[in-house]
Structures are given as C-alpha cells and as structure tokens.
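J.: Data: final-v5.cif, mmCIF, C-alpha atoms.
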data_model
#
loop_
_atom_site.label_atom_id
_atom_site.label_comp_id
_atom_site.auth_asym_id
_atom_site.auth_seq_id
_atom_site.Cartn_x
_atom_site.Cartn_y
_atom_site.Cartn_z
CA ASN A 10 0.00 0.00 0.00
CA ASP A 11 2.83 2.41 0.86
CA LYS A 12 4.43 1.64 -2.50
CA HIS A 13 1.22 2.47 -4.38
CA LYS A 14 0.85 5.72 -2.41
CA LYS A 15 4.39 6.74 -3.37
CA ILE A 16 3.68 6.04 -7.06
CA GLU A 17 0.47 8.09 -6.91
CA ILE A 18 2.35 11.00 -5.29
CA VAL A 19 5.07 10.90 -7.96
CA ASN A 20 2.47 10.78 -10.75
CA SER A 21 0.57 13.64 -9.17
CA ARG A 22 3.72 15.77 -8.98
CA GLU A 23 4.64 14.84 -12.56
CA LYS A 24 1.17 15.82 -13.74
CA GLU A 25 1.38 19.20 -11.96
CA ASP A 26 4.74 19.89 -13.59
CA VAL A 27 3.37 19.01 -17.05
CA VAL A 28 0.29 21.19 -16.47
CA GLU A 29 2.45 24.19 -15.57
CA VAL A 30 4.52 23.76 -18.72
CA LEU A 31 1.52 23.31 -21.01
CA LYS A 32 -0.27 26.38 -19.68
CA GLN A 33 2.43 28.45 -21.39
CA PHE A 34 1.08 27.24 -24.76
CA ALA A 35 -2.56 28.24 -24.52
CA LYS A 36 -3.02 28.50 -28.31
CA VAL A 37 -1.98 24.91 -29.04
CA GLU A 38 -4.72 23.12 -31.00
CA THR A 39 -3.40 19.52 -31.20
CA VAL A 40 -1.13 17.46 -28.96
CA THR A 41 0.39 14.09 -29.88
CA ARG A 42 1.34 11.76 -27.06
CA ASP A 43 1.62 8.13 -26.01
CA PHE A 44 -0.91 6.23 -23.87
CA SER A 45 0.30 7.84 -20.61
CA LEU A 46 -2.67 8.58 -18.36
CA THR A 47 -0.64 11.28 -16.61
CA TYR A 48 -0.07 13.21 -19.84
CA LYS A 49 -3.68 12.69 -20.91
CA ASN A 50 -5.05 14.21 -17.69
CA ALA A 51 -2.46 17.00 -17.69
CA ILE A 52 -3.33 18.01 -21.26
CA SER A 53 -7.07 17.88 -20.48
CA GLU A 54 -6.54 20.21 -17.53
CA ALA A 55 -4.08 22.66 -19.08
CA LEU A 56 -5.39 22.69 -22.68
CA PRO A 57 -9.05 21.57 -22.61
CA GLN A 58 -9.62 22.91 -26.14
CA ALA A 59 -6.76 20.91 -27.70
CA LYS A 60 -7.36 17.71 -29.64
CA GLN A 61 -5.35 14.86 -28.19
CA ILE A 62 -3.81 12.34 -30.62
CA VAL A 63 -2.13 9.10 -29.66
CA ASP A 64 0.91 8.80 -31.86
CA ARG A 65 0.56 5.99 -34.43
CA PHE A 66 4.02 4.69 -33.57
CA HIS A 67 2.95 3.93 -30.00
CA ILE A 68 -0.33 2.36 -31.14
CA LEU A 69 1.40 0.04 -33.59
CA LYS A 70 4.21 -0.73 -31.14
CA ASN A 71 1.69 -1.84 -28.49
CA LEU A 72 -0.07 -4.03 -31.05
CA THR A 73 3.20 -5.59 -32.22
CA ASP A 74 4.34 -6.23 -28.63
CA ASP A 75 1.05 -7.96 -27.83
CA LEU A 76 1.25 -10.08 -30.99
CA CYS A 77 4.82 -11.10 -30.15
CA SER A 78 3.59 -12.15 -26.68
CA TYR A 79 0.85 -14.23 -28.34
CA LEU A 80 3.41 -15.85 -30.63
CA LYS A 81 5.69 -16.70 -27.71
CA ARG A 82 2.78 -18.18 -25.76
CA THR A 83 1.34 -20.34 -28.54
CA VAL A 84 4.24 -21.24 -30.86
CA SER A 85 7.38 -23.15 -29.92
CA ASP A 86 10.78 -21.62 -30.64
CA ARG A 87 11.55 -24.32 -33.24
CA ILE A 88 8.66 -25.63 -35.32
CA LYS A 89 8.83 -29.01 -37.06
CA LEU A 90 7.20 -28.98 -40.51
CA ILE A 91 6.26 -32.37 -41.93
CA ARG A 92 5.08 -32.62 -45.52
CA ASP A 93 3.51 -35.43 -47.55
CA THR A 94 3.17 -37.99 -44.74
CA SER A 95 0.09 -39.50 -46.38
CA LYS A 96 1.10 -40.33 -49.96
CA ASP A 97 -0.59 -42.75 -52.36
CA PHE A 98 1.25 -45.90 -51.34
CA GLU A 99 0.37 -47.72 -54.55
CA GLU A 100 3.24 -45.72 -56.04
CA VAL A 101 6.86 -46.68 -55.57
CA LEU A 102 7.90 -45.60 -52.09
CA THR A 103 11.40 -46.95 -51.53
CA LYS A 104 14.67 -46.50 -53.34
CA ARG A 105 14.79 -50.22 -54.12
CA GLN A 106 11.35 -50.11 -55.74
CA GLN A 107 12.31 -47.00 -57.74
CA ASN A 108 15.40 -48.82 -58.98
CA LYS A 109 13.12 -51.60 -60.26
CA ILE A 110 11.22 -49.09 -62.38
CA ASP A 111 14.43 -47.48 -63.69
CA THR A 112 15.83 -50.90 -64.61
CA ALA A 113 12.59 -51.89 -66.37
CA ASN A 114 12.64 -48.68 -68.42
CA ARG A 115 16.26 -49.28 -69.49
CA LYS A 116 15.39 -52.83 -70.56
CA TRP A 117 12.40 -51.53 -72.48
CA GLU A 118 14.63 -49.09 -74.41
CA VAL A 119 16.99 -51.93 -75.34
CA ALA A 120 14.01 -54.09 -76.35
CA GLN A 121 12.68 -51.32 -78.61
CA GLU A 122 16.09 -51.02 -80.29
CA ALA A 123 16.31 -54.82 -80.68
CA LYS A 124 12.89 -54.98 -82.35
CA LYS A 125 13.85 -52.17 -84.72
CA LEU A 126 17.11 -53.90 -85.78
CA TYR A 127 15.38 -57.27 -86.17
CA GLU A 128 12.60 -55.77 -88.31
CA GLU A 129 15.25 -54.17 -90.55
CA GLY A 130 16.39 -57.70 -91.53
CA ASN A 131 19.30 -58.30 -89.15
CA THR A 132 19.71 -61.83 -87.81
CA LYS A 133 19.24 -62.47 -84.09
CA ILE A 134 22.96 -63.23 -83.78
CA ASP A 135 23.87 -59.83 -85.32
CA VAL A 136 21.31 -57.99 -83.17
CA ALA A 137 22.58 -59.69 -80.00
CA LYS A 138 26.19 -58.77 -80.85
CA LYS A 139 25.32 -55.13 -81.62
CA LEU A 140 23.43 -54.73 -78.35
CA GLY A 141 25.84 -56.80 -76.26
CA ILE A 142 23.25 -59.25 -74.99
CA THR A 143 22.75 -63.03 -75.23
CA ARG A 144 20.35 -64.62 -77.72
CA GLY A 145 18.20 -65.83 -74.82
CA THR A 146 17.88 -62.27 -73.51
CA LEU A 147 17.17 -61.04 -77.05
CA ASN A 148 14.30 -63.52 -77.40
CA THR A 149 12.89 -62.27 -74.11
CA TYR A 150 13.18 -58.65 -75.23
CA LEU A 151 11.53 -59.37 -78.60
CA SER A 152 8.53 -60.88 -76.82
CA LEU A 153 8.01 -57.85 -74.54
CA LYS A 154 4.88 -55.77 -75.13
CA GLU A 155 5.43 -53.30 -72.25
CA PRO A 156 8.19 -52.33 -69.77
CA PRO A 157 8.98 -55.37 -67.57
CA ILE A 158 8.20 -53.73 -64.22
CA ARG A 159 8.09 -56.26 -61.41
CA ASP A 160 5.34 -56.15 -58.84
CA SER A 161 6.52 -53.51 -56.37
CA ASN A 162 3.88 -54.17 -53.75
CA CYS A 163 5.31 -54.68 -50.27
CA ILE A 164 3.72 -56.22 -47.20
CA LEU A 165 4.54 -52.97 -45.36
CA ASP A 166 2.67 -50.67 -47.78
CA ASN A 167 -0.54 -50.54 -45.75
CA TYR A 168 1.40 -49.66 -42.60
CA LEU A 169 3.69 -46.96 -44.05
CA PRO A 170 1.65 -43.97 -42.73
CA LEU A 171 1.79 -45.45 -39.22
CA ILE A 172 5.49 -46.31 -39.54
CA LYS A 173 6.30 -42.75 -40.62
CA GLN A 174 4.32 -41.28 -37.76
CA LEU A 175 6.12 -43.53 -35.28
CA ILE A 176 9.50 -42.52 -36.76
CA ILE A 177 8.52 -38.85 -36.32
CA GLU A 178 7.67 -39.61 -32.69
CA GLY A 179 11.15 -41.08 -32.21
CA LYS A 180 10.21 -44.75 -31.87
CA LYS A 181 12.84 -47.46 -32.40
CA ALA A 182 12.50 -50.24 -34.98
CA LYS A 183 11.49 -52.84 -32.38
CA GLU A 184 8.80 -50.54 -30.96
CA ILE A 185 7.51 -49.84 -34.47
CA TYR A 186 7.39 -53.58 -35.18
CA GLU A 187 5.29 -54.19 -32.06
CA GLU A 188 2.89 -51.37 -33.00
CA ILE A 189 2.28 -52.52 -36.57
CA LYS A 190 1.84 -56.12 -35.35
CA LYS A 191 -1.05 -54.85 -33.22
CA GLN A 192 -2.53 -53.38 -36.41
CA GLY A 193 -2.41 -56.74 -38.21
CA TYR A 194 1.07 -56.90 -39.77
CA LYS A 195 1.94 -60.56 -40.51
CA GLY A 196 5.48 -60.09 -41.82
CA LYS A 197 8.80 -60.52 -40.08
CA MET A 198 11.07 -58.02 -38.36
CA THR A 199 13.70 -58.55 -41.08
CA VAL A 200 11.35 -57.07 -43.73
CA LEU A 201 10.86 -53.97 -41.60
CA ASN A 202 14.61 -53.63 -40.98
CA MET A 203 15.29 -53.95 -44.72
CA HIS A 204 13.01 -50.97 -45.50
CA MET A 205 13.60 -48.81 -42.40
CA LYS A 206 16.52 -46.84 -43.86
CA SER A 207 14.65 -45.80 -47.01
CA ILE A 208 11.50 -44.90 -45.03
CA LYS A 209 13.56 -42.83 -42.57
CA ASN A 210 15.23 -41.01 -45.47
CA GLU A 211 11.84 -40.23 -46.96
CA VAL A 212 10.61 -38.83 -43.61
CA LYS A 213 13.81 -36.80 -43.28
CA ASN A 214 13.45 -35.37 -46.78
CA ASN A 215 9.88 -34.32 -46.02
CA THR A 216 10.75 -32.68 -42.69
CA SER A 217 12.07 -29.16 -42.17
CA TYR A 218 12.27 -26.71 -39.26
CA LEU A 219 11.07 -23.14 -38.91
CA LYS A 220 12.14 -20.69 -36.20
CA ARG A 221 9.52 -18.64 -34.41
CA SER A 222 11.58 -15.50 -34.99
CA LYS A 223 11.09 -15.94 -38.76
CA ILE A 224 7.30 -15.87 -38.36
CA LYS A 225 7.63 -12.69 -36.28
CA LYS A 226 8.87 -10.95 -39.43
CA LEU A 227 5.29 -11.03 -40.75
CA PHE A 228 4.35 -8.44 -38.10
CA PHE A 229 6.70 -5.99 -39.84
CA TYR A 230 6.76 -7.11 -43.49
CA ASP A 231 4.44 -8.73 -46.01
CA LEU A 232 5.06 -12.34 -46.99
CA GLU A 233 5.86 -11.21 -50.55
CA ASP A 234 8.75 -9.08 -49.20
CA ILE A 235 10.64 -12.18 -47.99
CA LYS A 236 13.33 -12.90 -50.60
CA ASN A 237 14.29 -16.39 -49.42
CA GLU A 238 11.94 -18.70 -51.35
CA THR A 239 12.54 -21.67 -49.04
CA LEU A 240 11.68 -19.59 -45.98
CA LYS A 241 8.62 -18.14 -47.72
CA ASN A 242 7.39 -21.64 -48.61
CA ASP A 243 7.95 -22.89 -45.05
CA ILE A 244 6.03 -19.95 -43.56
CA THR A 245 3.19 -20.40 -46.06
CA PHE A 246 3.01 -24.11 -45.27
CA TYR A 247 2.88 -23.43 -41.52
CA LEU A 248 0.24 -20.70 -41.81
CA ASN A 249 -1.95 -23.08 -43.82
CA GLN A 250 -1.87 -25.37 -40.78
CA ASN A 251 -2.28 -22.63 -38.13
CA GLU A 252 -5.60 -21.00 -39.01
CA GLU A 253 -5.75 -18.81 -35.90
CA LEU A 254 -2.33 -17.28 -36.49
CA SER A 255 -3.24 -16.63 -40.14
CA LYS A 256 -6.33 -14.71 -39.01
CA ILE A 257 -4.29 -12.69 -36.50
CA ILE A 258 -1.69 -11.71 -39.11
CA ALA A 259 -4.49 -10.69 -41.48
CA LEU A 260 -6.07 -8.58 -38.71
CA GLU A 261 -2.72 -6.91 -38.00
CA LYS A 262 -2.36 -5.93 -41.68
CA GLU A 263 -5.95 -4.70 -41.70
CA PHE A 264 -5.36 -2.57 -38.59
CA LYS A 265 -2.41 -0.83 -40.25
CA THR A 266 -4.63 -0.05 -43.24
CA VAL A 267 -7.31 1.35 -40.91
CA MET A 268 -4.77 3.61 -39.17
CA PHE A 269 -4.05 5.39 -42.47
CA SER A 270 -7.58 5.25 -43.89
CA LYS A 271 -8.92 8.58 -42.49
CA LYS A 272 -12.07 6.62 -41.63
CA PRO A 273 -12.41 6.18 -37.84
CA GLU A 274 -15.62 4.15 -38.23
CA GLN A 275 -13.50 1.33 -39.68
CA LEU A 276 -11.72 1.11 -36.34
CA ASP A 277 -15.01 0.19 -34.64
CA LEU A 278 -15.56 -2.59 -37.19
CA TRP A 279 -12.02 -3.88 -36.66
CA ILE A 280 -12.49 -3.95 -32.88
CA GLU A 281 -15.75 -5.85 -33.19
CA LYS A 282 -14.21 -8.40 -35.57
CA THR A 283 -11.14 -8.87 -33.36
CA LYS A 284 -13.16 -9.33 -30.17
CA SER A 285 -14.91 -12.32 -31.77
CA LEU A 286 -11.59 -14.24 -31.74
CA ASN A 287 -11.37 -13.83 -27.95
CA ILE A 288 -7.56 -13.95 -27.82
CA LEU A 289 -5.95 -12.81 -24.56
CA GLU A 290 -3.28 -10.54 -26.05
CA LEU A 291 -5.59 -8.93 -28.61
CA ASN A 292 -8.22 -8.34 -25.93
CA SER A 293 -5.53 -6.55 -23.90
CA PHE A 294 -4.70 -4.31 -26.86
CA ILE A 295 -8.38 -3.56 -27.50
CA ASN A 296 -8.86 -2.60 -23.84
CA LEU A 297 -5.92 -0.19 -24.20
CA ILE A 298 -7.22 1.61 -27.28
CA GLU A 299 -10.80 1.66 -25.98
CA SER A 300 -9.58 3.36 -22.80
CA ASP A 301 -8.35 6.23 -25.01
CA ILE A 302 -10.58 5.73 -28.04
CA GLU A 303 -11.10 9.40 -28.95
CA ALA A 304 -7.36 10.07 -29.14
CA VAL A 305 -6.84 6.85 -31.11
CA LYS A 306 -9.54 7.81 -33.62
CA ASN A 307 -7.89 11.21 -33.95
CA ALA A 308 -4.73 9.32 -34.96
CA VAL A 309 -6.76 7.82 -37.80
CA ILE A 310 -8.17 11.19 -38.87
CA TYR A 311 -5.10 13.43 -38.60
CA ASP A 312 -1.57 13.13 -39.96
CA TYR A 313 0.13 14.61 -36.88
CA SER A 314 2.93 12.53 -35.37
CA ASN A 315 5.67 12.97 -32.80
CA GLY A 316 7.92 10.65 -34.80
CA LEU A 317 10.58 13.35 -35.21
CA THR A 318 10.76 13.85 -31.45
CA GLU A 319 10.93 10.10 -30.88
CA GLY A 320 13.82 9.96 -33.33
CA PHE A 321 15.76 12.58 -31.36
CA ASN A 322 15.00 10.73 -28.12
CA ASN A 323 16.29 7.49 -29.59
CA LYS A 324 19.46 9.19 -30.85
CA THR A 325 20.06 10.68 -27.40
CA LYS A 326 19.63 7.30 -25.72
CA VAL A 327 22.04 5.64 -28.16
CA ILE A 328 24.72 8.27 -27.45
CA LYS A 329 24.11 7.86 -23.72
CA ARG A 330 24.54 4.07 -23.90
CA GLN A 331 27.75 4.43 -25.91
CA MET A 332 29.19 6.75 -23.26
CA TYR A 333 27.86 4.92 -20.21
CA GLY A 334 30.35 4.74 -17.33
CA ARG A 335 33.15 6.51 -19.21
CA CYS A 336 32.16 10.14 -19.84
CA SER A 337 30.71 13.12 -18.00
CA PHE A 338 27.35 14.83 -18.43
CA GLY A 339 29.11 17.83 -19.97
CA LEU A 340 30.51 15.69 -22.79
CA LEU A 341 27.10 14.04 -23.28
CA ARG A 342 25.56 17.50 -23.66
CA LEU A 343 28.17 18.51 -26.22
CA LYS A 344 27.72 15.31 -28.25
CA ILE A 345 23.95 15.81 -28.41
CA LEU A 346 24.16 19.51 -29.33
CA VAL A 347 26.86 19.16 -31.98
#
Would you encode the structure as structure tokens?

T.:
Amino acid sequence: NDKHKKIEIVNSREKEDVVEVLKQFAKVETVTRDFSLTYKNAISEALPQAKQIVDRFHILKNLTDDLCSYLKRTVSDRIKLIRDTSKDFEEVLTKRQQNKIDTANRKWEVAQEAKKLYEEGNTKIDVAKKLGITRGTLNTYLSLKEPPIRDSNCILDNYLPLIKQLIIEGKKAKEIYEEIKKQGYKGKMTVLNMHMKSIKNEVKNNTSYLKRSKIKKLFFYDLEDIKNETLKNDITFYLNQNEELSKIIALEKEFKTVMFSKKPEQLDLWIEKTKSLNILELNSFINLIESDIEAVKNAVIYDYSNGLTEGFNNKTKVIKRQMYGRCSFGLLRLKILV
C-alpha cells in the first residue's frame, strides 16, 4: 500500500509539472502523445480545447508487442514442418522399388532397339552382338509388349503412414514392429529392418524446421517481401496449418490499413471483428485503445505525429549508452548539441 501511495504522489507531482509547462502554450490546437494517463489528464486540464492524438508509432508498437507475446505463448521456438506424410502408397515408395522401375525402363529401351534392328532384316545373332546381350535375352526382349516392371507391392505398404508417424515420434525399430503387429502386420522383423533406412530417409526429406523469430517478421513485413523462397514456402506451409495465427496476421495488416484510412468508423468494425476471436493478447490491446478511443480515432483522422521527437529521443539514448560509465554529463551535452 505504501508503495502504491508513493507512485500516486510521484504521478501527481509529474502531472502538476506538465500542467504548468503546457499552460504556457494556450493556443496549441493539437497534442500528440503516447498512452500515458498522466499526460492525458495533464493536457485535459491545461489545454481543454486541444485535440489529443495518440501517436501511431505507439499504437502500432503496443499491437506488435502484444502479438509477439501471443506468438511466444502459442508457438514453440523451433517448429517441425512435416510434408507429404500420407502419400498414395500404390506408387513406388522406396529406393529399391524406384530402382526396379528405372531398370525396367532401361530394358524396355533396349528391347525397342532390338525390335527395330530385327525388323530391318538383321539376324538375331547380329542384333545380340550389336546390343551386347545373349540370344536368350534377345528372345525375351523381342517378346516384350510393355516395360517389364516387377510387382513392387510390399507387405509394409498398408502400414507406411503409421510407420512414418512412429518414426517422427522417435520410436525405435522394435517398438515400431510391435505397434504394426497390433494393427495386423503378418510379416517378419527382417522385412521392416530392410526398408527402415529408405522410409527414414523419406521422412527426413519431407521434414524441415522453422524458427519462431522468422514468423515474427510477418508483423513488420508482407510475406511477398521475404526474398528467401525456401523460408517463404515454409512460412506459407505453416500458416496453412495454423488458421488462428493466419487470421491474426491478417487482422494486424488490416489494422495498419485502418490507421491510415482517415475513416475512424472502420476502427469500430475492426475492434468488433477482433473481439470475436477472444484472444488474450488482442483483448488486452483492444482494452488499451478503448480506454483512449477518442485520441486513437484522432490518430486515424489526422496526420500529426511525434515521430521526429521520438527519433531525437532514440538518438540521445544511443549516445548515452555508448558513453555509459566513461564520460561526463558535460561531454554528453556537447555530443547531443553538436
């Protein structure tokens, strides 16, 4: 209680000081400020006729800070992205099976060449010599009517989605074997071991990682502004999975448009739409702007900004940090004035 009383006394004194300063500028018509309640009350008392405007920088900064808090609360620092875990398993899925198709296609090319040479009147012996194959193989090739692709079906095919999911979860081969046996697998452990390497490689090739800090960029830039195509594709893939975050990013872009629209009524529509999501951090931001709604709407209507002043403040703070612990106030004053 004593601590709160001290804070109230300090704020009261600060307000009185601000009021005394502002009374010297009785003809001021507009004042830009941040969300400080002390400054709001001081301006209302000293300059009741002045329009108060919350600077857009502070509005957008509060929104961005709240969105970053939401991101930290809901998204892990390192996101695993898994693509194509449910393929059509009638297709070739392992390297060994793909090799069977490649081999069949090569044989089919040789068979086509053999048929062409034989139809041109060459004897089988001559054709076999030219192609470097035996007469027995030549006879086989001449009888082919399509590429000789062997049946690539595997007893594991029906269990591949489950196997991949278990690999993603970090299960060992023996644990995977026990799980698929429960699902009706009748094969042996050796068959699973024979295919595990190729299945793991496929899972690895379809898995990538995305840092949370990369998603945070969308609060400052548009997705189209990201030059790295791989990163852009990863973010797009993740946003397609995270519907809530996609909506929030869209609302953030919409809010920035509203702030420069000159139409304060659009702000009311944005608030109503955002409240329907019922997200903790966005509700906090809405409570903030509703507590000072007139000044926020003035920020939409007018172009006034204290950005120049904020720039000087930032420059001063940077100089102060560079000199911290090494230089006197006199030198700090000179560096700022020069």

J.: Quick one: residues within 8 Å of segment 291-298 of chain A, all atoms listed in the file, excluding same-chain residues fewer than 6 positions away - as a PyMOL selection string?

T.: chain A and resi 68+71-72+75-76+280+283-284+305

J.: In Å, how far is it from atom CA of Tyr247 of chain A to atom CA of Ile176 of chain A?

T.: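 Interatomic distance, atom CA of Tyr247 of chain A to atom CA of Ile176 of chain A: 20.8 Å.
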
J.: Any chance you could resolve the PyMOL selection byres ((chain A and resi 316) around 12) against this file and give the residues as number ranges by chain?

T.: A: 41-43, 63-67, 312-315, 317-323

J.: Once you have the residues from the selection above, write them out as a PDB file, in the frame of the given file, restricted to C-alpha atoms.

T.:
ATOM      1  CA  THR A  41       0.390  14.090 -29.880  1.00  0.00           C
ATOM      2  CA  ARG A  42       1.340  11.760 -27.060  1.00  0.00           C
ATOM      3  CA  ASP A  43       1.620   8.130 -26.010  1.00  0.00           C
ATOM      4  CA  VAL A  63      -2.130   9.100 -29.660  1.00  0.00           C
ATOM      5  CA  ASP A  64       0.910   8.800 -31.860  1.00  0.00           C
ATOM      6  CA  ARG A  65       0.560   5.990 -34.430  1.00  0.00           C
ATOM      7  CA  PHE A  66       4.020   4.690 -33.570  1.00  0.00           C
ATOM      8  CA  HIS A  67       2.950   3.930 -30.000  1.00  0.00           C
ATOM      9  CA  ASP A 312      -1.570  13.130 -39.960  1.00  0.00           C
ATOM     10  CA  TYR A 313       0.130  14.610 -36.880  1.00  0.00           C
ATOM     11  CA  SER A 314       2.930  12.530 -35.370  1.00  0.00           C
ATOM     12  CA  ASN A 315       5.670  12.970 -32.800  1.00  0.00           C
ATOM     13  CA  LEU A 317      10.580  13.350 -35.210  1.00  0.00           C
ATOM     14  CA  THR A 318      10.760  13.850 -31.450  1.00  0.00           C
ATOM     15  CA  GLU A 319      10.930  10.100 -30.880  1.00  0.00           C
ATOM     16  CA  GLY A 320      13.820   9.960 -33.330  1.00  0.00           C
ATOM     17  CA  PHE A 321      15.760  12.580 -31.360  1.00  0.00           C
ATOM     18  CA  ASN A 322      15.000  10.730 -28.120  1.00  0.00           C
ATOM     19  CA  ASN A 323      16.290   7.490 -29.590  1.00  0.00           C
TER      20      ASN A 323
END

J.: Set the distance at 7 Å and use only C-alpha atoms: which residues neighbour segment 89-93 of chain A once local chain neighbours fewer than 3 positions away are removed? I'd like the list as a short mmCIF file (atom, residue, chain, number, x, y, z; two decimals) with C-alpha atoms, in the frame of the given file.

T.:
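result.cif, freshly written:
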data_model
loop_
_atom_site.label_atom_id
_atom_site.label_comp_id
_atom_site.auth_asym_id
_atom_site.auth_seq_id
_atom_site.Cartn_x
_atom_site.Cartn_y
_atom_site.Cartn_z
CA LYS A 96 1.10 -40.33 -49.96
CA ASN A 215 9.88 -34.32 -46.02
CA THR A 216 10.75 -32.68 -42.69
CA SER A 217 12.07 -29.16 -42.17
CA TYR A 218 12.27 -26.71 -39.26
CA LEU A 219 11.07 -23.14 -38.91
#

J.: When distances are computed from only C-alpha atoms, which of A:Leu227, A:Met198, A:Ala55, A:Val30 shows the smallest separation from Ala259 of chain A?

T.: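 Nearest candidate to Ala259 of chain A out of A:Leu227, A:Met198, A:Ala55, A:Val30: A:Leu227.
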
J.: Atom CA of Glu253 of chain A and atom CA of Glu299 of chain A are how many Å apart?

T.: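 Answer for the atom CA of Glu253 of chain A to atom CA of Glu299 of chain A separation: 23.3 Å.
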
J.: Determine the nearest neighbour of Met268 of chain A from the options A:Tyr168, A:Tyr311, A:Tyr48, A:Tyr194, counting all atoms listed in the file.

T.: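 Of A:Tyr168, A:Tyr311, A:Tyr48, A:Tyr194, the one nearest Met268 of chain A is A:Tyr311, counting all atoms listed in the file.
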
J.: To test your reading of the syntax: which residues would the PyMOL selection byres ((chain A and resi 28) around 10) return for the file shown? Reply as number ranges by chain.

T.: A: 22-27, 29-33, 47-48, 50-56

J.: Tell me which of A:Lys271, A:Lys256, A:Lys324, A:Lys154 sits closest to Ala120 of chain A, counting all atoms listed in the file.

T.: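 Going through A:Lys271, A:Lys256, A:Lys324, A:Lys154 one by one, the smallest distance to Ala120 of chain A is for A:Lys154.
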
J.: Evaluate the PyMOL selection byres ((chain A and resi 204) around 12) against this structure - the residues, as a compact mmCIF listing (two decimals) with C-alpha atoms, in the coordinates of the input, please.

T.:
# COMPACT_ATOMS: atom_id res chain seq x y z
CA LEU A 102 7.90 -45.60 -52.09
CA THR A 103 11.40 -46.95 -51.53
CA LYS A 104 14.67 -46.50 -53.34
CA ARG A 105 14.79 -50.22 -54.12
CA GLN A 106 11.35 -50.11 -55.74
CA CYS A 163 5.31 -54.68 -50.27
CA ILE A 164 3.72 -56.22 -47.20
CA LEU A 165 4.54 -52.97 -45.36
CA ASP A 166 2.67 -50.67 -47.78
CA LEU A 169 3.69 -46.96 -44.05
CA ILE A 172 5.49 -46.31 -39.54
CA LYS A 173 6.30 -42.75 -40.62
CA ALA A 182 12.50 -50.24 -34.98
CA LYS A 197 8.80 -60.52 -40.08
CA MET A 198 11.07 -58.02 -38.36
CA THR A 199 13.70 -58.55 -41.08
CA VAL A 200 11.35 -57.07 -43.73
CA LEU A 201 10.86 -53.97 -41.60
CA ASN A 202 14.61 -53.63 -40.98
CA MET A 203 15.29 -53.95 -44.72
CA MET A 205 13.60 -48.81 -42.40
CA LYS A 206 16.52 -46.84 -43.86
CA SER A 207 14.65 -45.80 -47.01
CA ILE A 208 11.50 -44.90 -45.03
CA LYS A 209 13.56 -42.83 -42.57
CA ASN A 210 15.23 -41.01 -45.47
CA GLU A 211 11.84 -40.23 -46.96
